[in-house]
Amino acid sequence: MKKQRTNPYLPSWEYIPDGEPYVFNGRVYVYGSHDKFRGHAFCLNDYVCWSAPVDDLSDWEYEGVIYEKTDDPLNPDGRMCLYAPDLTVGPDGRYYIYYVLDKVSVVSVAVADTPAGKYEFYGYVHYEDGTRLGEKEGDQPQFDPGLITEGEKTYLYTGFCAKGDHSREGAMATVLDSDMLTVLEEPVIIAPSEPYSEGSGFEGHEFFEAPSMRKRGATYYLVYSSIVMHELCYATSKDPTKGFEYQGVIVSNNDLHIDSYKPADKPMYYGGNNHGSIVEINDDWYIFYHRHTHGTSFSRQGCLEKIKFDESGKIPQVEMTSCGSIDEPLAGEGEYPAYLACNLFCDEESKYTDLSGAWMGSQFPKITQDGKDGDKETGYIANMKESATAGFKYFDCQDIKKVKIKVRGYCNGKFEVKTSWDGPVLGEIPVKFSNIWQEYKADIAIPDGIQSLYFTYQGEGSASLASFTLE
């Protein structure tokens, strides 16, 4: 089968959250932090880069390590992590990555001559007197830098504002000089934190973290993570440092608010913090975001969805999918790995992944892999107990008469196959205990047309699902 664009868009063994996508010279480059499989904290690995041609978002190429955590003079022993970065092209045509280490409140900068580097440490954002931004009396801590450069000025957006924290007022905008380090205009608040949001229009979706700025026409789009964490919201203005008005949610990594295929308040995945941005690729626009895997918050994977703008420039919220767009469904034939599930849940609902970092309760299924971090092991769904459901969207189904699945585990039961999470059962595939992957099949007719596919385990024990095949 021809390779197709899927979610996650990178290999299942790669964990790059906080994705900031950019197009350079006919290729899409994604910059993000770098989680570790089975990691004990966020962002434990060095920065790497992946890129793809703008006309084929299934063909991602590994560009290698572009910056190491020990490259920063503040971190010679690597005790601090490289948190979420962003990139901009300076007036000199070079590529600048901005980031914050996990135990300081200043913004570091690295530079390279090409999009994929390798990047070299360049300096710290500072005031004219040399005081680093974030260390001047009255400064709020810097976090999650986002960038946009226009002419000789670079606009730096930063901030982290937990709910109830009165010491932090919201997302900040700081203007930098052409040297990419010196502050020209001191920070101003452009989106409020929760304690300061009354009457702002941001109520319920106040700024939490992950500011990212893009421009479409004459309008600036501030993409950010709200206090509920699982959603990427946006606000717009005609000015890069003021006048931002809340507009809505672009994507949620548990699909809350979506009511097209289920109740708006029903979570369809185990969500958590979110971070990403929008980008135009080959005349289409996409939102890049991340999902949580392995039952923790520390093994996150990048996903993307195609978005559309209405006549007023607003972005209707999009569903999480396995393919990136209902307009471009996957082929309704052949074998698909189970890690492509965009819905994963059981009868006991939970909006969030376990924030403590421990594995989620034994009742919840999770996408995971074998081996250790860096091993090129294909992902699968583990711990599918009674009622656990994996959903995949969307497929262009034509004349499907048989469905196969690959399963292992201490299980004795069946998988029900449906085309909606609460719809009628089209057929059942019995499964039983095995220590190795075993293939099971049944004659199941899938209606023709664009379909979702849902697999629900009913029975004893716990099953792992590796893949399914449509014939």
# chains A, B, ... in the order shown; residues from 1 in each chain; ligands from 1

call {"tool": "residues_around", "arguments": {"residues": "Ala116 in chain A", "least_positions_apart": "6", "cutoff": "7 Å", "atoms": "only C-alpha atoms", "output": "ChimeraX atom specification"}}
result
/A:49,63,66

call {"tool": "residues_around", "arguments": {"residues": "range 17-21 of chain A", "least_positions_apart": "6", "cutoff": "7 Å", "atoms": "only C-alpha atoms", "output": "list in words"}}
result
Val28, Tyr29, Val30, Tyr31, Gly32, Ser33, His34, Ala84, Asp86, His275, Gly276, Ser277, Val279, Phe288, Tyr289, His290, Arg300, Gln301 and Gly302 of chain A

call {"tool": "write_last_selection", "arguments": {"atoms": "C-alpha atoms", "output": "PDB file, in the first residue's frame"}}
result
ATOM      1  CA  VAL A  28       8.225  21.494   6.485  1.00  0.00           C
ATOM      2  CA  TYR A  29      10.514  21.468   9.519  1.00  0.00           C
ATOM      3  CA  VAL A  30       9.187  20.652  12.984  1.00  0.00           C
ATOM      4  CA  TYR A  31      10.955  21.908  16.083  1.00  0.00           C
ATOM      5  CA  GLY A  32       9.876  20.723  19.509  1.00  0.00           C
ATOM      6  CA  SER A  33      11.050  19.432  22.818  1.00  0.00           C
ATOM      7  CA  HIS A  34      12.030  15.769  22.969  1.00  0.00           C
ATOM      8  CA  ALA A  84       9.769  23.729  24.459  1.00  0.00           C
ATOM      9  CA  ASP A  86      10.584  28.027  18.981  1.00  0.00           C
ATOM     10  CA  HIS A 275       1.388  22.819  22.807  1.00  0.00           C
ATOM     11  CA  GLY A 276       1.689  23.558  19.114  1.00  0.00           C
ATOM     12  CA  SER A 277       0.877  26.014  16.368  1.00  0.00           C
ATOM     13  CA  VAL A 279       1.152  26.689   9.634  1.00  0.00           C
ATOM     14  CA  PHE A 288       0.262  20.809  15.031  1.00  0.00           C
ATOM     15  CA  TYR A 289      -0.345  19.549  18.577  1.00  0.00           C
ATOM     16  CA  HIS A 290       0.550  16.554  20.743  1.00  0.00           C
ATOM     17  CA  ARG A 300       4.108  12.718  24.135  1.00  0.00           C
ATOM     18  CA  GLN A 301       3.793  12.418  20.358  1.00  0.00           C
ATOM     19  CA  GLY A 302       3.186  15.002  17.662  1.00  0.00           C
TER      20      GLY A 302
END

call {"tool": "residues_around", "arguments": {"residues": "Asn7 in chain A", "least_positions_apart": "2", "cutoff": "10 Å", "atoms": "only C-alpha atoms", "output": "PyMOL selection string"}}
result
chain A and resi 4-5+9-12+58+290-291+301-305+320-324+339-342

call {"tool": "write_last_selection", "arguments": {"atoms": "C-alpha atoms", "output": "compact mmCIF listing (two decimals), in the first residue's frame"}}
result
# COMPACT_ATOMS: atom_id res chain seq x y z
CA GLN A 4 -0.22 7.66 3.78
CA ARG A 5 -0.24 10.62 6.13
CA TYR A 9 2.91 11.83 11.75
CA LEU A 10 6.36 10.68 12.94
CA PRO A 11 7.34 7.07 13.66
CA SER A 12 5.58 5.58 16.67
CA SER A 58 3.78 11.10 4.93
CA HIS A 290 0.55 16.55 20.74
CA ARG A 291 -1.08 13.61 22.46
CA GLN A 301 3.79 12.42 20.36
CA GLY A 302 3.19 15.00 17.66
CA CYS A 303 -0.05 15.02 15.66
CA LEU A 304 -1.54 17.34 13.06
CA GLU A 305 -4.99 18.20 11.72
CA MET A 320 -8.57 14.41 16.50
CA THR A 321 -8.21 11.93 13.65
CA SER A 322 -5.92 9.10 12.58
CA CYS A 323 -5.39 10.70 9.17
CA GLY A 324 -5.21 14.47 9.72
CA TYR A 339 -1.10 3.16 17.63
CA LEU A 340 -3.01 5.26 15.06
CA ALA A 341 -5.99 5.27 17.43
CA CYS A 342 -7.31 8.83 17.84

call {"tool": "residues_around", "arguments": {"residues": "Ser299 in chain A", "least_positions_apart": "4", "cutoff": "12 Å", "atoms": "only C-alpha atoms", "output": "PyMOL selection string"}}
result
chain A and resi 12-18+33-45+272-273+290-295+353-355+357-359+366-369+373

call {"tool": "atom_distance", "arguments": {"atom1": "CA of Tyr122 in chain A", "atom2": "CA of Tyr99 in chain A"}}
result
11.6 Å

call {"tool": "closest_residue", "arguments": {"among": "A:Ser197, A:Gln317, A:Asn75, A:Thr469", "to": "Ile250 in chain A", "atoms": "only C-alpha atoms"}}
result
A:Gln317

call {"tool": "closest_residue", "arguments": {"among": "A:Val251, A:Ile281, A:Cys233, A:Ile446", "to": "Glu333 in chain A", "atoms": "only C-alpha atoms"}}
result
A:Ile446

call {"tool": "select_by_dssp", "arguments": {"residues": "range 9-252 of chain A", "states": "helix (DSSP H, G or I)", "output": "list in words"}}
result
Lys69, Thr70, Asp71, Glu194, Pro195 and Tyr196 of chain A

call {"tool": "closest_residue", "arguments": {"among": "A:Ala331, A:Glu185, A:Asn343, A:Tyr336", "to": "Leu256 in chain A", "atoms": "only C-alpha atoms"}}
result
A:Asn343

call {"tool": "residues_around", "arguments": {"residues": "range 417-434 of chain A", "least_positions_apart": "5", "cutoff": "8 Å", "atoms": "only C-alpha atoms", "output": "ChimeraX atom specification"}}
result
/A:261,389,391,407-412,440-446,451-456

call {"tool": "select_by_dssp", "arguments": {"residues": "range 402-438 of chain A", "states": "strand (DSSP E or B)", "output": "NGL selection string"}}
result
:A and (402-409 or 411-418 or 427-431 or 434-438)

call {"tool": "atom_distance", "arguments": {"atom1": "CA of Lys215 in chain A", "atom2": "CA of Asp177 in chain A"}}
result
19.7 Å

call {"tool": "residues_around", "arguments": {"residues": "Phe143 in chain A", "least_positions_apart": "3", "cutoff": "8 Å", "atoms": "only C-alpha atoms", "output": "NGL selection string"}}
result
:A and (99-100 or 105-107 or 158-160 or 209)

call {"tool": "write_last_selection", "arguments": {"atoms": "C-alpha atoms", "output": "PDB file, in the first residue's frame"}}
result
ATOM      1  CA  TYR A  99      14.335  28.026  24.656  1.00  0.00           C
ATOM      2  CA  VAL A 100      14.224  27.970  28.469  1.00  0.00           C
ATOM      3  CA  SER A 105      13.728  31.837  34.155  1.00  0.00           C
ATOM      4  CA  VAL A 106      15.877  33.295  31.380  1.00  0.00           C
ATOM      5  CA  VAL A 107      15.644  32.794  27.622  1.00  0.00           C
ATOM      6  CA  THR A 158       6.619  33.956  26.854  1.00  0.00           C
ATOM      7  CA  GLY A 159       4.811  32.890  29.994  1.00  0.00           C
ATOM      8  CA  PHE A 160       3.499  30.214  32.325  1.00  0.00           C
ATOM      9  CA  GLU A 209       1.462  28.273  28.676  1.00  0.00           C
TER      10      GLU A 209
END

call {"tool": "atom_distance", "arguments": {"atom1": "CA of Val104 in chain A", "atom2": "CA of Glu120 in chain A"}}
result
19.5 Å

call {"tool": "closest_residue", "arguments": {"among": "A:Pro263, A:Gly459, A:Pro447, A:Pro91", "to": "Glu386 in chain A", "atoms": "only C-alpha atoms"}}
result
A:Gly459

call {"tool": "residues_around", "arguments": {"residues": "range 266-268 of chain A", "least_positions_apart": "3", "cutoff": "8 Å", "atoms": "only C-alpha atoms", "output": "CSV table (one decimal) with C-alpha atoms, in the first residue's frame"}}
result
chain,number,residue,atom,x,y,z
A,254,ASN,CA,-9.2,14.6,24.4
A,255,ASP,CA,-11.7,16.0,21.9
A,256,LEU,CA,-13.7,17.9,24.5
A,262,LYS,CA,-20.5,12.3,20.6
A,263,PRO,CA,-21.6,14.6,23.4
A,343,ASN,CA,-9.9,7.7,20.4
A,344,LEU,CA,-9.1,5.6,23.4
A,345,PHE,CA,-11.3,5.2,26.4
A,349,GLU,CA,-14.2,8.3,31.9
A,350,SER,CA,-11.1,10.4,32.5
A,351,LYS,CA,-10.2,13.7,30.7

call {"tool": "closest_residue", "arguments": {"among": "A:Gly201, A:Gly26, A:Gly332, A:Gly130", "to": "Thr182 in chain A", "atoms": "only C-alpha atoms"}}
result
A:Gly130

call {"tool": "closest_residue", "arguments": {"among": "A:Ser464, A:Ser225, A:Pro195, A:Leu57", "to": "Tyr286 in chain A", "atoms": "only C-alpha atoms"}}
result
A:Leu57

call {"tool": "decode", "arguments": {"residues": "range 19-41 of chain A", "atoms": "N, CA and C atoms", "output": "PDB file, in the first residue's frame"}}
result
ATOM      1  N   GLY A  19       5.242  20.885  19.166  1.00  0.00           N
ATOM      2  CA  GLY A  19       5.721  21.094  17.801  1.00  0.00           C
ATOM      3  C   GLY A  19       5.484  22.494  17.261  1.00  0.00           C
ATOM      4  N   GLU A  20       6.556  23.090  16.741  1.00  0.00           N
ATOM      5  CA  GLU A  20       6.486  24.377  16.035  1.00  0.00           C
ATOM      6  C   GLU A  20       6.890  24.134  14.584  1.00  0.00           C
ATOM      7  N   PRO A  21       5.907  24.125  13.661  1.00  0.00           N
ATOM      8  CA  PRO A  21       6.193  23.826  12.255  1.00  0.00           C
ATOM      9  C   PRO A  21       6.490  25.087  11.435  1.00  0.00           C
ATOM     10  N   TYR A  22       7.447  24.967  10.525  1.00  0.00           N
ATOM     11  CA  TYR A  22       7.788  26.058   9.613  1.00  0.00           C
ATOM     12  C   TYR A  22       8.126  25.481   8.246  1.00  0.00           C
ATOM     13  N   VAL A  23       7.878  26.268   7.210  1.00  0.00           N
ATOM     14  CA  VAL A  23       8.210  25.869   5.846  1.00  0.00           C
ATOM     15  C   VAL A  23       9.414  26.667   5.381  1.00  0.00           C
ATOM     16  N   PHE A  24      10.466  25.941   4.970  1.00  0.00           N
ATOM     17  CA  PHE A  24      11.664  26.547   4.414  1.00  0.00           C
ATOM     18  C   PHE A  24      12.050  25.786   3.150  1.00  0.00           C
ATOM     19  N   ASN A  25      12.186  26.485   2.066  1.00  0.00           N
ATOM     20  CA  ASN A  25      12.714  25.910   0.821  1.00  0.00           C
ATOM     21  C   ASN A  25      11.982  24.636   0.416  1.00  0.00           C
ATOM     22  N   GLY A  26      10.658  24.673   0.478  1.00  0.00           N
ATOM     23  CA  GLY A  26       9.864  23.553   0.000  1.00  0.00           C
ATOM     24  C   GLY A  26       9.740  22.383   0.953  1.00  0.00           C
ATOM     25  N   ARG A  27      10.214  22.555   2.191  1.00  0.00           N
ATOM     26  CA  ARG A  27      10.104  21.491   3.183  1.00  0.00           C
ATOM     27  C   ARG A  27       9.485  22.038   4.472  1.00  0.00           C
ATOM     28  N   VAL A  28       8.769  21.176   5.169  1.00  0.00           N
ATOM     29  CA  VAL A  28       8.225  21.494   6.485  1.00  0.00           C
ATOM     30  C   VAL A  28       9.208  20.978   7.526  1.00  0.00           C
ATOM     31  N   TYR A  29       9.637  21.848   8.406  1.00  0.00           N
ATOM     32  CA  TYR A  29      10.514  21.468   9.519  1.00  0.00           C
ATOM     33  C   TYR A  29       9.731  21.600  10.821  1.00  0.00           C
ATOM     34  N   VAL A  30       9.862  20.611  11.687  1.00  0.00           N
ATOM     35  CA  VAL A  30       9.187  20.652  12.984  1.00  0.00           C
ATOM     36  C   VAL A  30      10.226  20.699  14.090  1.00  0.00           C
ATOM     37  N   TYR A  31      10.082  21.722  14.926  1.00  0.00           N
ATOM     38  CA  TYR A  31      10.955  21.908  16.083  1.00  0.00           C
ATOM     39  C   TYR A  31      10.104  21.711  17.336  1.00  0.00           C
ATOM     40  N   GLY A  32      10.621  20.958  18.281  1.00  0.00           N
ATOM     41  CA  GLY A  32       9.876  20.723  19.509  1.00  0.00           C
ATOM     42  C   GLY A  32      10.815  20.276  20.603  1.00  0.00           C
ATOM     43  N   SER A  33      10.259  20.075  21.789  1.00  0.00           N
ATOM     44  CA  SER A  33      11.050  19.432  22.818  1.00  0.00           C
ATOM     45  C   SER A  33      11.138  17.938  22.480  1.00  0.00           C
ATOM     46  N   HIS A  34      11.770  17.161  23.344  1.00  0.00           N
ATOM     47  CA  HIS A  34      12.030  15.769  22.969  1.00  0.00           C
ATOM     48  C   HIS A  34      11.873  14.897  24.202  1.00  0.00           C
ATOM     49  N   ASP A  35      10.725  14.249  24.290  1.00  0.00           N
ATOM     50  CA  ASP A  35      10.460  13.371  25.423  1.00  0.00           C
ATOM     51  C   ASP A  35      11.189  12.046  25.277  1.00  0.00           C
ATOM     52  N   LYS A  36      11.279  11.371  26.402  1.00  0.00           N
ATOM     53  CA  LYS A  36      11.894  10.051  26.454  1.00  0.00           C
ATOM     54  C   LYS A  36      10.814   9.011  26.688  1.00  0.00           C
ATOM     55  N   PHE A  37      10.847   7.931  25.933  1.00  0.00           N
ATOM     56  CA  PHE A  37       9.935   6.822  26.215  1.00  0.00           C
ATOM     57  C   PHE A  37      10.260   6.240  27.586  1.00  0.00           C
ATOM     58  N   ARG A  38       9.237   6.041  28.398  1.00  0.00           N
ATOM     59  CA  ARG A  38       9.378   5.634  29.795  1.00  0.00           C
ATOM     60  C   ARG A  38      10.125   6.671  30.621  1.00  0.00           C
ATOM     61  N   GLY A  39      10.092   7.934  30.196  1.00  0.00           N
ATOM     62  CA  GLY A  39      10.779   8.984  30.940  1.00  0.00           C
ATOM     63  C   GLY A  39      10.102   9.290  32.266  1.00  0.00           C
ATOM     64  N   HIS A  40      10.878   9.871  33.183  1.00  0.00           N
ATOM     65  CA  HIS A  40      10.364  10.216  34.506  1.00  0.00           C
ATOM     66  C   HIS A  40      10.034  11.699  34.616  1.00  0.00           C
ATOM     67  N   ALA A  41      10.306  12.472  33.551  1.00  0.00           N
ATOM     68  CA  ALA A  41      10.033  13.906  33.545  1.00  0.00           C
ATOM     69  C   ALA A  41       9.847  14.350  32.097  1.00  0.00           C
TER      70      ALA A  41
END
